[in-house]
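Everything below concerns the one structure shown next.
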Amino acid sequence: MSTDATRGRAPRLVLLGAPGSGKGTQASRLAERIGARHISTGEFLRAEVARGSELGERVRGYLDRGDLVPDDLLLGLALPLVAGAAGSGYILDGFPRSIPQAEALDRRVAPEVRVNRVIRLEVAPEELVRRMRARAQEQGRADDTDEVFQRRLAVYESETSPLVHYYARAGLLRSVDAEGAPDEVLSRIQALL
Ligand code: AMP
């Protein structure tokens with residue numbers, strides 16, 4: 001199938017998946033490979049918390065609990081990042097995370113910057129927990145505890161998973177088996193672009 005990406009135009013991609021599904025790993029490798037910008041709202045927010053900025057102080061509690069940061073704050077920082085990646089294309093990792101965020105992304109950016117492909121990373125629940133525990137040891141992320149992780153999974157189910165239908169209806173959704181070695185998963189993703 002011919003897509004914008006295969007025609008060499010900048011891809012505008014959303015990686016959709018539960019916490020621990022490998023969005024961050026895959027987004028950063030794919031971005032490097034295809035020259036698109038990796039936009040991670042979670043990384044952006046963690047950096048603000050780490051430097052103790054005013055924004056960081058406002059969002060810290062949400063991240064610590066595993067809750068979503070409110071849309072007024074989140075959209076104010078995420079939409080300009082997306083709009084700024086018009087030339088290079090982008091890979092969104094962790095945004096949008098709810099139907100209202102996806103609608104804002106559809107309505108509030110210029111048509112030429114809108115999402116043109118969504119890839120859902122599918123991983124079994126036991127594997128998500130195993131990966132989270134491994135990451136907790138490697139990276140020491142404050143929200144990688146069993147309790148907060150369960151909350152993040154619940155928030156994913158209630159707020160984010162409806163996006164699967166939202167993007168399927170729009171004809172943009174593809175799914176990949178995201179278990180196995182990161183390189184294999186990356187190849188499966190690239191095969192869909
Ligand atoms: P992530 O690194 O994508 O797992 O995000 C870590 C945390 O940052 C989430 O648990 C939320 O608290 C917050 N966050 C990241 N992206 C969003 C978003 N699109 N909407 C609301 N909160 C977000």
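Each chain of the structure tokens is named A, B, ... in the order shown, its residues numbered from 1; ligands are numbered from 1 in display order.
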Per-residue DSSP, range 3-188 of chain A, filtered to helix (DSSP H, G or I), as number ranges by chain: A: 23-34, 41-51, 54-65, 71-83, 99-108, 111-113, 125-139, 146-160, 162-169, 182-188
I'd like a table as CSV: residues in chain A with an atom no more than 9 Å from ligand 1, each row giving the shortest atom pair and its distance in Å to one decimal, only C-alpha atoms and all ligand atoms counted, sorted by chain and rising residue number.
```
residue,atom,partner,partner_atom_place_in_ligand_line,distance
A:Ala18,CA,ligand 1,4 (O),8.5
A:Pro19,CA,ligand 1,4 (O),5.7
A:Gly20,CA,ligand 1,4 (O),8.0
A:Lys23,CA,ligand 1,3 (O),8.1
A:Gly24,CA,ligand 1,2 (O),7.5
A:Ser40,CA,ligand 1,3 (O),6.5
A:Thr41,CA,ligand 1,16 (N),4.5
A:Gly42,CA,ligand 1,2 (O),3.5
A:Glu43,CA,ligand 1,2 (O),5.6
A:Phe44,CA,ligand 1,15 (C),8.1
A:Leu45,CA,ligand 1,8 (O),6.1
A:Arg46,CA,ligand 1,8 (O),7.1
A:Val59,CA,ligand 1,12 (O),7.7
A:Arg60,CA,ligand 1,12 (O),8.1
A:Gly61,CA,ligand 1,12 (O),8.2
A:Tyr62,CA,ligand 1,12 (O),5.0
A:Leu63,CA,ligand 1,12 (O),3.7
A:Asp64,CA,ligand 1,12 (O),7.2
A:Arg65,CA,ligand 1,12 (O),7.3
A:Gly66,CA,ligand 1,10 (O),4.4
A:Asp67,CA,ligand 1,12 (O),4.8
A:Leu68,CA,ligand 1,22 (N),3.7
A:Val69,CA,ligand 1,22 (N),3.9
A:Pro70,CA,ligand 1,21 (C),6.2
A:Asp71,CA,ligand 1,20 (N),6.7
A:Leu73,CA,ligand 1,21 (C),8.7
A:Leu74,CA,ligand 1,20 (N),5.8
A:Leu75,CA,ligand 1,19 (N),7.9
A:Ala78,CA,ligand 1,19 (N),7.7
A:Asp93,CA,ligand 1,3 (O),6.4
A:Gly94,CA,ligand 1,3 (O),4.0
A:Phe95,CA,ligand 1,19 (N),3.9
A:Pro96,CA,ligand 1,19 (N),4.9
A:Arg97,CA,ligand 1,19 (N),4.7
A:Ser98,CA,ligand 1,20 (N),7.4
A:Gln101,CA,ligand 1,19 (N),7.3
A:Asp143,CA,ligand 1,10 (O),7.3
A:Val148,CA,ligand 1,10 (O),8.7
A:Phe149,CA,ligand 1,10 (O),8.7
A:Arg151,CA,ligand 1,10 (O),8.8
A:Arg152,CA,ligand 1,10 (O),6.0
A:Val155,CA,ligand 1,10 (O),8.5
```
Within 12 Å of Pro125 in chain A using only C-alpha atoms, minus same-chain residues under 5 positions, as a list in words: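 Using only C-alpha atoms, the neighbours found are Gly17, Ala18, Pro19, Gly20, Ser21, Arg130, Arg131, Met132, Phe149, Gln150, Leu153, Ala154, Glu157, Ala178 and Glu179 of chain A.
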Include N, CA, C and O atoms and write out the residues we just selected as a PDB file, in the first residue's frame.
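Below is the file that was written, again-v8.pdb:
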```pdb
ATOM      1  N   GLY A  17       0.149   2.034  23.111  1.00  0.00           N
ATOM      2  CA  GLY A  17       0.396   0.788  23.843  1.00  0.00           C
ATOM      3  C   GLY A  17       0.406   1.032  25.329  1.00  0.00           C
ATOM      4  O   GLY A  17       0.619   2.165  25.795  1.00  0.00           O
ATOM      5  N   ALA A  18       0.184  -0.033  26.089  1.00  0.00           N
ATOM      6  CA  ALA A  18       0.145   0.051  27.548  1.00  0.00           C
ATOM      7  C   ALA A  18       1.519   0.452  28.087  1.00  0.00           C
ATOM      8  O   ALA A  18       2.526   0.307  27.386  1.00  0.00           O
ATOM      9  N   PRO A  19       1.568   0.910  29.349  1.00  0.00           N
ATOM     10  CA  PRO A  19       2.884   1.140  29.954  1.00  0.00           C
ATOM     11  C   PRO A  19       3.671  -0.173  29.933  1.00  0.00           C
ATOM     12  O   PRO A  19       3.117  -1.229  30.247  1.00  0.00           O
ATOM     13  N   GLY A  20       4.925  -0.106  29.518  1.00  0.00           N
ATOM     14  CA  GLY A  20       5.741  -1.321  29.438  1.00  0.00           C
ATOM     15  C   GLY A  20       5.677  -2.011  28.082  1.00  0.00           C
ATOM     16  O   GLY A  20       6.339  -3.023  27.875  1.00  0.00           O
ATOM     17  N   SER A  21       4.920  -1.440  27.141  1.00  0.00           N
ATOM     18  CA  SER A  21       4.804  -2.103  25.840  1.00  0.00           C
ATOM     19  C   SER A  21       5.990  -1.786  24.923  1.00  0.00           C
ATOM     20  O   SER A  21       6.092  -2.341  23.838  1.00  0.00           O
ATOM     21  N   ARG A 130       6.563  -7.813  33.988  1.00  0.00           N
ATOM     22  CA  ARG A 130       7.958  -8.249  34.023  1.00  0.00           C
ATOM     23  C   ARG A 130       8.888  -7.132  33.526  1.00  0.00           C
ATOM     24  O   ARG A 130       9.908  -6.834  34.129  1.00  0.00           O
ATOM     25  N   ARG A 131       8.482  -6.482  32.443  1.00  0.00           N
ATOM     26  CA  ARG A 131       9.317  -5.401  31.884  1.00  0.00           C
ATOM     27  C   ARG A 131       9.410  -4.213  32.836  1.00  0.00           C
ATOM     28  O   ARG A 131      10.461  -3.604  32.976  1.00  0.00           O
ATOM     29  N   MET A 132       8.269  -3.876  33.453  1.00  0.00           N
ATOM     30  CA  MET A 132       8.271  -2.754  34.400  1.00  0.00           C
ATOM     31  C   MET A 132       9.254  -3.022  35.536  1.00  0.00           C
ATOM     32  O   MET A 132      10.029  -2.158  35.928  1.00  0.00           O
ATOM     33  N   PHE A 149       2.320   1.137  39.083  1.00  0.00           N
ATOM     34  CA  PHE A 149       2.185   0.513  37.764  1.00  0.00           C
ATOM     35  C   PHE A 149       0.767  -0.023  37.553  1.00  0.00           C
ATOM     36  O   PHE A 149       0.197   0.139  36.470  1.00  0.00           O
ATOM     37  N   GLN A 150       0.185  -0.628  38.593  1.00  0.00           N
ATOM     38  CA  GLN A 150      -1.198  -1.116  38.474  1.00  0.00           C
ATOM     39  C   GLN A 150      -2.147   0.040  38.185  1.00  0.00           C
ATOM     40  O   GLN A 150      -3.073  -0.079  37.387  1.00  0.00           O
ATOM     41  N   LEU A 153      -1.730   1.011  34.568  1.00  0.00           N
ATOM     42  CA  LEU A 153      -2.421   0.059  33.686  1.00  0.00           C
ATOM     43  C   LEU A 153      -3.927   0.322  33.681  1.00  0.00           C
ATOM     44  O   LEU A 153      -4.570   0.286  32.626  1.00  0.00           O
ATOM     45  N   ALA A 154      -4.476   0.596  34.857  1.00  0.00           N
ATOM     46  CA  ALA A 154      -5.918   0.861  34.949  1.00  0.00           C
ATOM     47  C   ALA A 154      -6.282   2.134  34.183  1.00  0.00           C
ATOM     48  O   ALA A 154      -7.298   2.187  33.478  1.00  0.00           O
ATOM     49  N   GLU A 157      -6.295   1.335  30.528  1.00  0.00           N
ATOM     50  CA  GLU A 157      -7.513   0.635  30.107  1.00  0.00           C
ATOM     51  C   GLU A 157      -8.690   1.587  29.978  1.00  0.00           C
ATOM     52  O   GLU A 157      -9.425   1.551  28.988  1.00  0.00           O
ATOM     53  N   ALA A 178       4.353  -6.977  19.913  1.00  0.00           N
ATOM     54  CA  ALA A 178       5.514  -6.235  20.430  1.00  0.00           C
ATOM     55  C   ALA A 178       6.285  -7.031  21.472  1.00  0.00           C
ATOM     56  O   ALA A 178       7.025  -6.471  22.278  1.00  0.00           O
ATOM     57  N   GLU A 179       6.108  -8.363  21.480  1.00  0.00           N
ATOM     58  CA  GLU A 179       6.940  -9.208  22.337  1.00  0.00           C
ATOM     59  C   GLU A 179       8.132  -9.683  21.505  1.00  0.00           C
ATOM     60  O   GLU A 179       8.071  -9.713  20.289  1.00  0.00           O
TER      61      GLU A 179
END
```
Please list as a PDB file with C-alpha atoms, in the first residue's frame every residue within 12 Å of Asp106 in chain A, counting only C-alpha atoms and excluding residues in the same chain fewer than 2 positions away.
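As a result, around00.pdb now contains:
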```pdb
ATOM      1  CA  LEU A  79       0.455  20.570  20.716  1.00  0.00           C
ATOM      2  CA  VAL A  82       3.749  18.417  17.420  1.00  0.00           C
ATOM      3  CA  ALA A  83       3.251  21.569  15.357  1.00  0.00           C
ATOM      4  CA  PRO A  96      -2.491  11.301  22.860  1.00  0.00           C
ATOM      5  CA  ILE A  99     -10.170  10.617  23.360  1.00  0.00           C
ATOM      6  CA  PRO A 100     -10.261  14.350  24.244  1.00  0.00           C
ATOM      7  CA  GLN A 101      -6.506  14.577  23.632  1.00  0.00           C
ATOM      8  CA  ALA A 102      -6.847  12.807  20.259  1.00  0.00           C
ATOM      9  CA  GLU A 103      -9.686  15.138  19.283  1.00  0.00           C
ATOM     10  CA  ALA A 104      -7.605  18.160  20.246  1.00  0.00           C
ATOM     11  CA  ARG A 108      -6.001  22.079  16.827  1.00  0.00           C
ATOM     12  CA  VAL A 109      -3.081  21.397  14.490  1.00  0.00           C
ATOM     13  CA  ALA A 110      -2.880  22.258  10.796  1.00  0.00           C
ATOM     14  CA  PRO A 111      -4.077  19.499   8.412  1.00  0.00           C
ATOM     15  CA  GLU A 112      -0.551  18.890   7.076  1.00  0.00           C
ATOM     16  CA  VAL A 113       0.669  18.103  10.607  1.00  0.00           C
ATOM     17  CA  ARG A 114      -2.104  15.653  11.498  1.00  0.00           C
ATOM     18  CA  VAL A 115      -1.461  12.031  12.401  1.00  0.00           C
ATOM     19  CA  ASN A 116      -1.335   9.761   9.341  1.00  0.00           C
ATOM     20  CA  TYR A 166     -11.021   5.834  17.535  1.00  0.00           C
ATOM     21  CA  TYR A 167      -8.067   5.342  15.189  1.00  0.00           C
ATOM     22  CA  ALA A 170     -10.370   6.620  11.052  1.00  0.00           C
TER      23      ALA A 170
END
```
Two-atom distance - CA of Glu122 in chain A, CA of Leu173 in chain A (Å):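 Calculated distance between CA of Glu122 in chain A and CA of Leu173 in chain A is 12.5 Å.
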Backbone DSSP call of strand (DSSP E) for range 6-177 of chain A, listed as JSON, numbers by chain: {"A": [12, 13, 14, 15, 16, 37, 38, 39, 40, 90, 91, 92, 93, 117, 118, 119, 120, 121, 122, 173, 174, 175, 176, 177]}
Writing out the chosen residues with N, CA and C atoms as a short mmCIF file (atom, residue, chain, number, x, y, z; two decimals), in the first residue's frame:
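Result file out_20.cif:
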```cif
data_model
loop_
_atom_site.label_atom_id
_atom_site.label_comp_id
_atom_site.auth_asym_id
_atom_site.auth_seq_id
_atom_site.Cartn_x
_atom_site.Cartn_y
_atom_site.Cartn_z
N ARG A 12 3.95 10.82 10.20
CA ARG A 12 3.38 11.43 11.42
C ARG A 12 2.64 10.33 12.16
N LEU A 13 3.39 9.75 13.07
CA LEU A 13 3.02 8.46 13.63
C LEU A 13 2.73 8.55 15.13
N VAL A 14 1.71 7.80 15.55
CA VAL A 14 1.45 7.60 16.99
C VAL A 14 1.78 6.15 17.33
N LEU A 15 2.57 5.94 18.39
CA LEU A 15 2.74 4.59 18.93
C LEU A 15 1.81 4.47 20.12
N LEU A 16 0.93 3.49 20.04
CA LEU A 16 -0.09 3.32 21.07
C LEU A 16 0.21 2.01 21.79
N ARG A 37 11.10 13.21 14.36
CA ARG A 37 11.30 13.65 15.74
C ARG A 37 10.56 12.75 16.73
N HIS A 38 11.26 12.32 17.77
CA HIS A 38 10.63 11.52 18.83
C HIS A 38 10.06 12.48 19.86
N ILE A 39 8.75 12.45 20.04
CA ILE A 39 8.11 13.33 21.03
C ILE A 39 7.52 12.46 22.13
N SER A 40 8.12 12.55 23.33
CA SER A 40 7.64 11.80 24.49
C SER A 40 7.17 12.78 25.55
N TYR A 90 7.02 13.14 12.85
CA TYR A 90 7.16 12.85 14.28
C TYR A 90 6.70 11.45 14.63
N ILE A 91 7.18 11.00 15.79
CA ILE A 91 6.69 9.75 16.38
C ILE A 91 6.24 10.11 17.78
N LEU A 92 4.96 10.01 18.02
CA LEU A 92 4.41 10.37 19.33
C LEU A 92 4.42 9.16 20.25
N ASP A 93 4.97 9.36 21.44
CA ASP A 93 5.14 8.29 22.43
C ASP A 93 4.50 8.77 23.73
N ARG A 117 -0.68 7.81 10.69
CA ARG A 117 -0.53 6.38 10.93
C ARG A 117 -0.46 6.14 12.44
N VAL A 118 -1.11 5.07 12.89
CA VAL A 118 -1.08 4.72 14.32
C VAL A 118 -0.69 3.25 14.41
N ILE A 119 0.32 2.97 15.22
CA ILE A 119 0.73 1.56 15.40
C ILE A 119 0.55 1.18 16.86
N ARG A 120 -0.21 0.12 17.04
CA ARG A 120 -0.50 -0.35 18.39
C ARG A 120 0.47 -1.48 18.73
N LEU A 121 1.15 -1.34 19.88
CA LEU A 121 2.10 -2.36 20.33
C LEU A 121 1.38 -3.31 21.29
N GLU A 122 1.30 -4.58 20.89
CA GLU A 122 0.55 -5.55 21.69
C GLU A 122 1.49 -6.43 22.51
N LEU A 173 -5.23 2.70 11.98
CA LEU A 173 -4.61 1.79 12.94
C LEU A 173 -4.01 0.52 12.33
N ARG A 174 -2.78 0.18 12.77
CA ARG A 174 -2.19 -1.13 12.50
C ARG A 174 -1.70 -1.67 13.84
N SER A 175 -1.65 -3.00 13.97
CA SER A 175 -1.17 -3.59 15.23
C SER A 175 0.04 -4.46 14.97
N VAL A 176 0.97 -4.47 15.93
CA VAL A 176 2.10 -5.41 15.84
C VAL A 176 2.23 -6.17 17.15
N ASP A 177 2.72 -7.41 17.03
CA ASP A 177 3.12 -8.20 18.18
C ASP A 177 4.40 -7.55 18.70
#
```
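Residue neighbourhood of Ser187 in chain A, excluding near-sequence residues (fewer than 3 positions): A:Gln26, A:Arg29, A:Leu30, A:Arg33, A:Val176, A:Asp177, A:Ala178, A:Gly180, A:Ala181, A:Pro182, A:Asp183, A:Glu184, A:Gln190, A:Ala191, A:Leu192, A:Leu193, at 12 Å, using only C-alpha atoms.
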